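These notes are about the structure you will find just below.
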Amino acid sequence: MKKTVLLIAILAYYLLPNMIFAQENETPEWARETREQKAKRMAWWTHDRFGMFIHWGLYSLPSRHEWVQHYERMTAAEYSRYFENFNPDLYTPREWAKIAKAAGMKYVVVGTKHHEGFCMFDSKYTDFKITNTSYSKDIIRELVDAFRAEGLRIGFYYSLIDWHHPDFPYDWMHPECPHLEGGTMMQIDTAATEKANETRNIKKYQQYIKNQLTELMTNYGQIDELFLDFSYYEKGHKQWDSEGLLKLVRKYQPQIIVDDRMDLNNTTWGWDFTTPEQTMPDKWETRKNPKIGLEERVPWETCQTFSGSWGYHREETSWKSNRQMISMLIEVVSKGGNLLLNVGPTSRGLIDDRAHASLKSMAEWMAVNSRSIYGCTEAPEELSRTANTILTYNTQTKTLYIHILDWPTFKSLRLKNYSGKIQYAQLLNDGSEIQFKEQDNDVILSLPLAKPNTEIPVIEVFLK
Ligand code: GLC
């Protein structure tokens, strides 16, 4: 009897929270899909690994960070000078698309609206848009056409935050939120803020997002990725009506892949991939699956800049080297992720020289080494990693890619416990054979003395 009670107690202890939680997170009818269906929907993305992010808007004129309006607490009236002067006369989306394609990027995620609220597309629901500037054309349409013509897939970034819309409630981030006299960014005048928010109707703003997302999801053909940005303490799924948004997005673009920033993270259905921003995860990203209560590996895409800010920043000096960019891409793939690499074009419509130079060096590397990126992922655990190398692995072809970060001082590389595993090996950049011999449990690769002429040489190893 005692035993039965104990057993019931133990079972209840472990199962009940999961049952309650599972109920809370009941997947809505329209969002149901099996793991296999999801994997299939995301197959192109997991294969392609590398995309271009584009941050371009009015903030490219001040060239002091895309959050300049917030940092400098500018009023809408002050900010309007950028609206009046935006005229990207040198914008050639075909050129941008060629640069991206050459670098090996397979998709683009372009900002349609950033926190400033300015729309780079022709929206019926606002006057604060590109077609009302002297440029007058729909930048997004031109970009979508050009990138598609080069064979790249299309993604849209859309800011949920909007510092221009009259119904977006003030909070500390808002440039015009009433602040305490001499207070820091976080020190707002709560009473004045509440008062000012009385005339701001979040429901109307929700409808505005829905209207604009409907435009974006219906006027530009197939959209492959959607990057909604972002939620924080004051604004989350309740304020955005995230469930409603996602339902609408999936209605028009059922195949679309959606990021994790609309605050539906304790569901299994409200996001497709995680978005570590300007950090390098130390291993494959995981998330707790609320249905089973366990950590699971998840699809992830890190977004990265060349220099720190997302929008064009004239005076930033913290640029990463070309080599860092290449090894970043390799490292991301070695941990099963995607890299979304950002460019912040100038207000006249050119990709910054430094970004262009870096992309050219990625292009040179990818031209001969991309086989170690596309369709690749983390290598199986039993394949050991020699110091100063990064491994990626193609599961379909059973091919291992050894990226050698530091070319050995003398002609050889030892692969521990690889004996009997290798069929054939070659340098990837020129397809020249790499001879090897077995020694005890190990394999010794015999490398050329001089480092091959490619930034990070790769050995392609066909396994048995
Ligand atoms: C952040 C920033 C933003 C940038 C984005 C890219 O949310 O607010 O400026 O667009 O990250 O991931």
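Quick note on naming: the chains in the structure tokens go A, B, ... in the order shown, residues restart at 1 in each chain, and ligands are numbered from 1 in order of appearance.
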
Can you pull out every residue within 10 Å of A:Ala31, counting only C-alpha atoms, but drop anything in the same chain fewer than 5 positions away, and send it as a CSV table (one decimal) with all heavy atoms, in the first residue's frame?
chain,number,residue,atom,x,y,z
A,243,GLU,N,0.8,35.6,-31.4
A,243,GLU,CA,0.2,34.4,-31.9
A,243,GLU,C,-0.6,34.8,-33.2
A,243,GLU,O,-0.5,34.1,-34.2
A,243,GLU,CB,-0.7,33.8,-30.9
A,243,GLU,CG,-1.3,32.5,-31.4
A,243,GLU,CD,-2.0,31.7,-30.3
A,243,GLU,OE1,-1.7,31.8,-29.1
A,243,GLU,OE2,-2.9,30.9,-30.7
A,246,LEU,N,1.8,35.5,-36.1
A,246,LEU,CA,2.4,34.3,-36.7
A,246,LEU,C,1.4,33.6,-37.5
A,246,LEU,O,1.6,33.1,-38.6
A,246,LEU,CB,3.0,33.4,-35.6
A,246,LEU,CG,3.8,32.2,-36.1
A,246,LEU,CD1,5.0,32.7,-36.9
A,246,LEU,CD2,4.3,31.4,-35.0
A,247,LYS,N,0.1,33.6,-37.0
A,247,LYS,CA,-0.9,32.9,-37.8
A,247,LYS,C,-1.1,33.5,-39.1
A,247,LYS,O,-1.2,32.9,-40.2
A,247,LYS,CB,-2.2,33.0,-36.9
A,247,LYS,CG,-3.4,32.2,-37.5
A,247,LYS,CD,-4.6,32.2,-36.6
A,247,LYS,CE,-5.7,31.5,-37.3
A,247,LYS,NZ,-7.0,31.7,-36.6
A,250,ARG,N,1.9,32.8,-41.5
A,250,ARG,CA,1.9,31.4,-42.0
A,250,ARG,C,0.7,31.2,-43.0
A,250,ARG,O,0.8,30.3,-43.8
A,250,ARG,CB,1.8,30.4,-40.8
A,250,ARG,CG,3.0,30.4,-40.0
A,250,ARG,CD,3.5,28.9,-39.8
A,250,ARG,NE,4.6,28.9,-38.9
A,250,ARG,CZ,5.8,29.1,-39.2
A,250,ARG,NH1,6.2,29.3,-40.4
A,250,ARG,NH2,6.8,29.0,-38.3
A,254,PRO,N,3.2,29.8,-45.9
A,254,PRO,CA,3.2,28.6,-45.0
A,254,PRO,C,4.6,28.0,-44.9
A,254,PRO,O,4.9,27.4,-43.8
A,254,PRO,CB,2.3,27.6,-45.7
A,254,PRO,CG,1.7,28.2,-46.9
A,254,PRO,CD,2.3,29.6,-47.1
A,268,THR,N,6.7,25.4,-28.5
A,268,THR,CA,7.5,24.6,-29.5
A,268,THR,C,7.2,25.1,-30.9
A,268,THR,O,7.9,24.9,-31.9
A,268,THR,CB,7.2,23.1,-29.5
A,268,THR,OG1,5.8,23.0,-29.5
A,268,THR,CG2,7.8,22.5,-28.2
A,269,TRP,N,6.1,25.9,-31.0
A,269,TRP,CA,5.6,26.2,-32.4
A,269,TRP,C,5.7,27.7,-32.8
A,269,TRP,O,5.5,28.0,-33.9
A,269,TRP,CB,4.1,25.9,-32.5
A,269,TRP,CG,3.3,26.4,-31.3
A,269,TRP,CD1,3.0,25.8,-30.1
A,269,TRP,CD2,2.7,27.7,-31.2
A,269,TRP,NE1,2.4,26.6,-29.2
A,269,TRP,CE2,2.2,27.9,-29.9
A,269,TRP,CE3,2.7,28.9,-32.0
A,269,TRP,CZ2,1.5,29.0,-29.4
A,269,TRP,CZ3,2.0,30.0,-31.5
A,269,TRP,CH2,1.5,30.1,-30.3
A,270,GLY,N,6.1,28.5,-31.8
A,270,GLY,CA,6.1,30.0,-32.0
A,270,GLY,C,7.4,30.5,-32.6
A,270,GLY,O,7.6,31.8,-32.7

Using only C-alpha atoms and all ligand atoms, find each residue with an atom at most 9 Å away from ligand 1 and format the answer as a PyMOL selection string. chain A and resi 53+55+65-67+111+114-115+157-159+161+227+229-231+261+275-278+302-305+309-311+342

Mind checking which residues fall within 12 Å of A:Lys129, counting only C-alpha atoms, ignoring those fewer than 5 positions away in the same chain, and posting them as number ranges by chain? A: 57-58, 80, 82-84, 86, 112-114, 116-124, 134-140, 164, 212

Using the selection just defined, write its residues with C-alpha atoms as a CSV table (one decimal), in the first residue's frame.
chain,number,residue,atom,x,y,z
A,57,GLY,CA,17.4,53.1,-43.4
A,58,LEU,CA,17.3,56.8,-42.5
A,80,SER,CA,12.9,64.3,-40.0
A,82,TYR,CA,17.1,62.5,-42.5
A,83,PHE,CA,13.8,61.8,-44.1
A,84,GLU,CA,14.0,65.0,-46.1
A,86,PHE,CA,17.5,60.6,-48.0
A,112,THR,CA,11.9,46.6,-44.3
A,113,LYS,CA,11.4,48.8,-41.2
A,114,HIS,CA,13.8,49.4,-38.3
A,116,GLU,CA,12.9,54.3,-36.3
A,117,GLY,CA,9.6,53.3,-38.0
A,118,PHE,CA,10.7,54.4,-41.5
A,119,CYS,CA,9.5,52.0,-44.2
A,120,MET,CA,11.8,51.0,-47.0
A,121,PHE,CA,8.8,49.6,-48.9
A,122,ASP,CA,5.7,51.3,-50.3
A,123,SER,CA,3.1,50.8,-47.5
A,124,LYS,CA,-0.5,52.0,-47.7
A,134,SER,CA,13.1,62.2,-53.2
A,135,TYR,CA,14.2,58.7,-54.1
A,136,SER,CA,10.5,57.8,-54.6
A,137,LYS,CA,10.9,54.1,-55.6
A,138,ASP,CA,10.2,51.0,-53.5
A,139,ILE,CA,13.7,50.0,-52.4
A,140,ILE,CA,12.5,46.6,-51.2
A,164,HIS,CA,7.5,56.9,-35.1
A,212,GLN,CA,2.1,45.9,-42.9

Please give the complete set of residues from stretch 59-209 of chain A that DSSP, run on the backbone, assigns to alpha helix (DSSP H), formatted as an MDAnalysis selection string. chainID A and resid 68:71 76:85 93:103 139:149 190:197 202:209

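Distances to A:Glu296 were evaluated for A:Trp240, A:Tyr205, A:Trp284, A:Trp365 using only C-alpha atoms, and the minimum falls at A:Trp284.
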
Write out, as JSON lines, each residue of stretch 305-342 of chain A that has an atom at most 12 Å from stretch 386-401 of chain A, together with the closest pair of atoms and their distance in Å to one decimal, counting only C-alpha atoms, rows going by chain and rising number.
{"residue": "A:Ile326", "atom": "CA", "partner": "A:Ile390", "partner_atom": "CA", "distance": 11.9}
{"residue": "A:Ser327", "atom": "CA", "partner": "A:Ile390", "partner_atom": "CA", "distance": 8.8}
{"residue": "A:Met328", "atom": "CA", "partner": "A:Ile390", "partner_atom": "CA", "distance": 10.6}
{"residue": "A:Leu329", "atom": "CA", "partner": "A:Ile390", "partner_atom": "CA", "distance": 10.9}
{"residue": "A:Ile330", "atom": "CA", "partner": "A:Ile390", "partner_atom": "CA", "distance": 7.3}
{"residue": "A:Glu331", "atom": "CA", "partner": "A:Ile390", "partner_atom": "CA", "distance": 6.8}
{"residue": "A:Val332", "atom": "CA", "partner": "A:Thr392", "partner_atom": "CA", "distance": 9.5}
{"residue": "A:Val333", "atom": "CA", "partner": "A:Thr392", "partner_atom": "CA", "distance": 6.6}
{"residue": "A:Ser334", "atom": "CA", "partner": "A:Thr392", "partner_atom": "CA", "distance": 4.8}
{"residue": "A:Lys335", "atom": "CA", "partner": "A:Thr392", "partner_atom": "CA", "distance": 8.2}
{"residue": "A:Gly336", "atom": "CA", "partner": "A:Thr392", "partner_atom": "CA", "distance": 8.7}
{"residue": "A:Gly337", "atom": "CA", "partner": "A:Thr392", "partner_atom": "CA", "distance": 11.0}

Mind checking which residues fall within 8 Å of A:Pro345, counting only C-alpha atoms, ignoring those fewer than 4 positions away in the same chain, and posting them as a PyMOL selection string? chain A and resi 54-56+60+311-312+349-352

Could you save the residues just selected, with C-alpha atoms, as a compact mmCIF listing (two decimals), in the first residue's frame?
# COMPACT_ATOMS: atom_id res chain seq x y z
CA ILE A 54 21.10 44.34 -44.71
CA HIS A 55 20.51 47.26 -42.35
CA TRP A 56 19.63 50.30 -44.35
CA SER A 60 22.50 55.65 -42.60
CA GLY A 311 23.68 50.56 -39.79
CA TYR A 312 26.47 52.33 -41.67
CA GLY A 349 23.42 53.33 -51.65
CA LEU A 350 26.90 51.84 -51.68
CA ILE A 351 28.20 48.90 -49.72
CA ASP A 352 30.98 50.21 -47.48

Surrounding residues of A:Arg49 excluding itself and chain neighbours under 3 positions, 12 Å, only C-alpha atoms, as number ranges by chain: A: 42-46, 52, 104-108, 299-303, 329-341, 370-377
